[in-house]
Amino acid sequence: MALDSIALWLGYGVMLVGGAVLVLSLLIVAALLLNSKIKLLGNYLQFYWDLKTLRATMRQLEAEGKVSKKAGVKS
């Protein structure tokens, strides 16, 4: 085996490992970005659901006469 052949195989090995590390790091970054976006979307959906539930509950309490819009809670 000549010195050129050894250098060629070492070069291929380094490029292969470097490419694998690059692809893995890009996948990790993409996963972290996607997770942060999903978390933000999840927080928005949870806020919307809570607000919707609160409004429905307040309408029900107003219909039952337990709460008025002007005075708040009736005593």
# chains A, B, ... in the order shown; residues from 1 in each chain; ligands from 1
>>> select_by_dssp(residues="chain A", states="strand (DSSP E)", output="list in words")
Val67, Ser68, Gly72 and Val73 of chain A
>>> select_by_dssp(residues="chain A", states="alpha helix (DSSP H)", output="ChimeraX atom specification")
/A:3-64
>>> atom_distance(atom1="atom CA of A:Val23", atom2="atom CA of A:Gly11")
18.1 Å
